[in-house]
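Written out below as structure tokens is the structure these notes cover.
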Number of protein chains: 2
Amino acid sequence: MHTEQIIGSTSFAQKIRIGVLGFGGLGQAAAKVLAPKQEMILVAAADNKGYAYATEGLNAQKCITTYQSQGSVGYLEPFGTLTNHSIADLIESNQPVDGYFLALPNLPNDFIATVTKQFIDSGWRGVLVDAIKRTSAVEQLLTLKEELQTAGITYMTGCGATPGLLTAAAAIAAQSYAEIHQVVITFGVGIANWEAYRATIREDIAHMPGYNVETARAMTDAEVEALLDKTNGVLTLENMEHADDIMLELAGICSRDRVTVGGVVDTRNPKKPLSTNVKITGRTFEGKISTHTFTLGDETSMAANVCGPAFGYLKAGIKLHQRGIHGIFTAAEIMPQFVK
Amino acid sequence: MHTEQIIGSTSFAQKIRIGVLGFGGLGQAAAKVLAPKQEMILVAAADNKGYAYATEGLNAQKCITTYQSQGSVGYLEPFGTLTNHSIADLIESNQPVDGYFLALPNLPNDFIATVTKQFIDSGWRGVLVDAIKRTSAVEQLLTLKEELQTAGITYMTGCGATPGLLTAAAAIAAQSYAEIHQVVITFGVGIANWEAYRATIREDIAHMPGYNVETARAMTDAEVEALLDKTNGVLTLENMEHADDIMLELAGICSRDRVTVGGVVDTRNPKKPLSTNVKITGRTFEGKISTHTFTLGDETSMAANVCGPAFGYLKAGIKLHQRGIHGIFTAAEIMPQFVK
């Protein structure tokens with residue numbers, strides 16, 4: 001629907017050609033975010049049953065309709081390909097893509113690292129960005145630093161909302177202080193219907209006491225539904241394993257044990273149960289203890305706060321890549337670039 | 001006092017050697033901020049009557065005491081030099097300095113650009129950072145971009161609080177939105193005694209109706225006092241010419257007319273008259289209008305919120321410089337690096 005705007009004024013050569021890997025709730029939102037952009041164009045999309053590629057740009061709405069009605073973007077005519085190795089096949093197709101947004105569920109916990117290795121092995125050069133959540137998943141990616149450098153890939157990790165937008169705000173806020181005592185991230189998410197974000201909700205459940213990534217992943221939709229029934233659709237999460245901690249530690253801001261992440265997810269109401277915020281407490285050079293607060297507007301959705309930053313970091317990654325700067329970077333060390 | 005900590009564990013070679021130009025309220029605060037740092041060392045300080053240089057590091061408290069009791073750091077024994085061309089003479093002395101913080105009053109409006117040209121002409125290579133306020137002053141610096149590149153200087157402009165910390169927070173916040181409608185910066189400053197920040201207060205007065213940079217600069221202390229008496233020590237400032245606007249425009253976030261800056265300065269009370277904040281209003285890809293808010297803790301002083309970011313950007317500038325990236329950058333495009 002918006003795609004006509006893309007296939008408009010500016011020449012394709014100048015646009016950043018984007019691939020979106022994963023086409024669940026997050027991938028679909030990413031396609032919608034890209035649709036009106038002048039500086040980026042969606043050329044590839046993949047889910048676990050197929051992929052679609054079009055040099056002149058994919059129509060986001062058609063991809064979404066196809067996925068929702070037929071179960072895979074691979075059914076998209078005439079651009080789709082059905083395959084059980086969609087990501088590998090898309091990479092091997094050698095179609096020109098400047099950057100990929102890995103809108104993939106992080107279950108199993110090493111899935112994104114495994115996909116990254118496929119990119120490294122393929123000889124593809126470009127920018128990868130993720131909106132990964134867990135510290136352990138980011139740690140796996142960090143071990144690939146040298147391989148990414150050698151491969152000529154610029155990888156931007158932890159570039160969603162938390163980690164991502166809120167981690168970056170914390171990194172900015174930290175500048176006022178001589179020492180950081182505490183970074184507390186509290187998010188509120190409201191979604192009308194959990195089924196629109198099945199993987200994300202399972203990821204959240206995996207953070208709850210008595211669950212882990214494997215057990216959450218293995219849950220049937222009916223089991224998720226039953227769990228949500230018990231809590232009136234609300235998930236309350238505390239002391240989550242979120243990579244904001246390692247990212248702020250790597251940026252030299254504070255040790256990871258000073259960073260905590262928790263939140264409340266209402267799966268039956270688009271209204272946020274609380275305003276998402278990050279509080280940064282520290283000591284100034286004068287010895288004063290104080291707290292800076294960054295609060296997201298309640299009307300901004302999880303999708304807006306994840307996909308917007310992801311593409312902002314992807315654009316920043318493209319500039320690094322053009323300068324020959326490869327390897328892995330986090331949202332806490334690079335300023336995202338606004339995408340028009 | 002803190003200098004003993006500096007002349008401690010880490011070897012000098014690894015520390016970033018810092019010069020502070022201007023030794024009024026801001027320059028003195030900068031020296032205090034640097035004192036406990038492990039990664040940076042204050043090696044040079046200059047005011048309009050002299051300069052001091054010490055390879056092994058200047059003692060911040062001794063510099064401040066000397067300046068306050070004798071009127072210039074040039075009196076500091078044995079490191080001081082008295083001269084009416086202190087900045088030029090310090091540059092020409094060819095002492096090794098990795099980066100300078102230009103803690104200079106921006107009156108006249110082209111003063112910082114003039115100093116920058118001295119650096120360009122001198123053959124010195126390194127990082128310059130300013131906490132400049134006015135759009136027109138930043139515009140002057142932007143015209144020097146190519147000269148800075150050729151000279152091998154990495155210049156970080158607008159790296160104080162506003163512009164600086166708050167502009168960067170706005171750049172981060174903008175990522176959630178498809179379009180930015182408005183960025184509103186409102187600052188509260190409380191200082192116990194305006195005489196500690198004479199140049200800064202004159203800069204503020206210059207923003208008031210009926211004043212400009214020349215008339216404000218020409219005011220005697222008695223005239224400033226008389227003006228403050230009329231308002232019970234409070235300056236209320238609206239629609240100020242602040243470079244946050246051009247910086248957000250350059251970063252591609254919104255046109256400058258969508259950015260407004262105002263504030264209240266209480267010159268007789270260290271308590272802030274209001275909490276400094278920036279509000280970023282935009283439209284998400286879903287068509288929702290919302291506002292993110294970044295609010296500074298009331299206990300953080302202007303000095304903490306200016307000098308902390310300035311050195312954070314200076315450290316980021318050093319990394320750019322090491323990669324051979326020269327020219328001019330703003331606080332809205334580079335992530336500051338936390339200085340330990």
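Starting from 1 in every chain, residues are counted up; chains themselves are A, B, ... following the order of the structure tokens, and ligands are numbered from 1 as listed.
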Could you please select, counting only C-alpha atoms, the residues of chain B within 6 Å of chain A and state them as a ChimeraX atom specification? /B:33,175-176,253,285,290-297,299,304-305,308-309,333-335,338
If you run DSSP on this backbone, which residues of region 182-248 of chain A come out as strand (DSSP E or B), and could you give them as a compact mmCIF listing (two decimals) with C-alpha atoms, in the first residue's frame?
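Final file, states.txt:
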# COMPACT_ATOMS: atom_id res chain seq x y z
CA GLN A 182 22.18 1.89 39.29
CA VAL A 183 20.36 1.61 35.98
CA VAL A 184 16.78 0.41 36.35
CA ILE A 185 14.73 -0.36 33.27
CA THR A 186 11.00 -0.92 33.73
CA PHE A 187 8.90 -1.59 30.70
CA GLY A 188 5.21 -1.66 30.13
CA VAL A 189 3.86 -3.44 27.10
CA GLY A 190 0.24 -3.59 26.09
CA VAL A 234 -0.75 -10.05 32.54
CA LEU A 235 2.89 -11.17 32.75
CA THR A 236 4.97 -9.57 35.50
CA LEU A 237 8.71 -9.94 34.97
Can you list, as a PyMOL selection string, all residues belonging to region 193-247 of chain A that DSSP tags as helix (DSSP H, G or I)? chain A and resi 194-205+213-218+221-230+244-247
Neighbouring residues of Glu241 (chain B) were defined as those with any atom within 8 Å, considering only C-alpha atoms; residues of the same chain fewer than 4 positions away were excluded. Please report them as a ChimeraX atom specification. /B:133-135,207,261
For CA of Asp257 (chain B) and CA of Thr162 (chain B), the interatomic separation in Å (one decimal):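 A separation of 16.3 Å between them.
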Skipping near chain neighbours, those fewer than 5 positions away, what residues fall within 10 Å of Ala45 (chain A) using only C-alpha atoms, listed as a list in words? Ile18, Gly19, Val20, Leu21, Gly22, Phe23, Gly27, Gln28, Ala31, Gly50, Tyr51, Ala52, Tyr53, Ala54, Leu58, Ala60, Cys63, Ser72, Val73, Gly74, Gly80, Ser86, Ile87, Leu90, Tyr100 and Phe101 of chain A
Mind pulling up the distance from CA of Ile64 (chain B) to CA of Pro163 (chain B)? 26.3 Å
May I have the residues within 6 Å of region 156-158 of chain B as an MDAnalysis selection string, using only C-alpha atoms and disregarding those fewer than 4 positions away in the same chain? chainID B and resid 129:132 163:164 328:331
Selected residues, N, CA, C and O atoms, written as an mmCIF file, in the first residue's frame, please.
data_model
loop_
_atom_site.group_PDB
_atom_site.id
_atom_site.type_symbol
_atom_site.label_atom_id
_atom_site.label_comp_id
_atom_site.auth_asym_id
_atom_site.auth_seq_id
_atom_site.Cartn_x
_atom_site.Cartn_y
_atom_site.Cartn_z
ATOM 1 N N VAL B 129 36.767 20.028 21.677
ATOM 2 C CA VAL B 129 35.356 19.876 22.038
ATOM 3 C C VAL B 129 34.881 21.193 22.625
ATOM 4 O O VAL B 129 35.625 21.869 23.340
ATOM 5 N N ASP B 130 33.653 21.587 22.269
ATOM 6 C CA ASP B 130 33.106 22.804 22.866
ATOM 7 C C ASP B 130 31.752 22.520 23.510
ATOM 8 O O ASP B 130 31.139 21.475 23.265
ATOM 9 N N ALA B 131 31.337 23.461 24.344
ATOM 10 C CA ALA B 131 30.008 23.419 24.953
ATOM 11 C C ALA B 131 29.274 24.692 24.533
ATOM 12 O O ALA B 131 28.608 25.353 25.304
ATOM 13 N N ILE B 132 29.440 24.995 23.260
ATOM 14 C CA ILE B 132 28.919 26.217 22.661
ATOM 15 C C ILE B 132 27.390 26.211 22.732
ATOM 16 O O ILE B 132 26.779 25.161 22.818
ATOM 17 N N PRO B 163 23.107 22.913 23.946
ATOM 18 C CA PRO B 163 23.101 21.626 23.252
ATOM 19 C C PRO B 163 24.117 20.658 23.833
ATOM 20 O O PRO B 163 25.093 21.078 24.437
ATOM 21 N N GLY B 164 23.862 19.381 23.625
ATOM 22 C CA GLY B 164 24.759 18.334 24.084
ATOM 23 C C GLY B 164 23.967 17.151 24.607
ATOM 24 O O GLY B 164 23.290 16.460 23.845
ATOM 25 N N ILE B 328 34.248 17.835 11.546
ATOM 26 C CA ILE B 328 33.440 18.350 12.653
ATOM 27 C C ILE B 328 32.192 17.488 12.833
ATOM 28 O O ILE B 328 31.545 17.082 11.856
ATOM 29 N N PHE B 329 31.896 17.179 14.062
ATOM 30 C CA PHE B 329 30.760 16.331 14.419
ATOM 31 C C PHE B 329 29.986 16.982 15.560
ATOM 32 O O PHE B 329 30.555 17.731 16.347
ATOM 33 N N THR B 330 28.699 16.672 15.636
ATOM 34 C CA THR B 330 27.910 17.241 16.728
ATOM 35 C C THR B 330 27.518 16.153 17.725
ATOM 36 O O THR B 330 27.617 14.954 17.432
ATOM 37 N N ALA B 331 27.021 16.594 18.860
ATOM 38 C CA ALA B 331 26.589 15.677 19.919
ATOM 39 C C ALA B 331 25.399 14.819 19.483
ATOM 40 O O ALA B 331 25.109 13.804 20.115
#
In Å, rounded to a single decimal, give me how far CA of Met219 (chain B) is from CA of Leu104 (chain B).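 Rounded to one decimal, the two atoms are 17.9 Å apart.
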So, counting only C-alpha atoms, which residue among A:Ser136, A:Leu228, A:Lys315, A:Val264 is closest to His242 (chain A)? A:Ser136
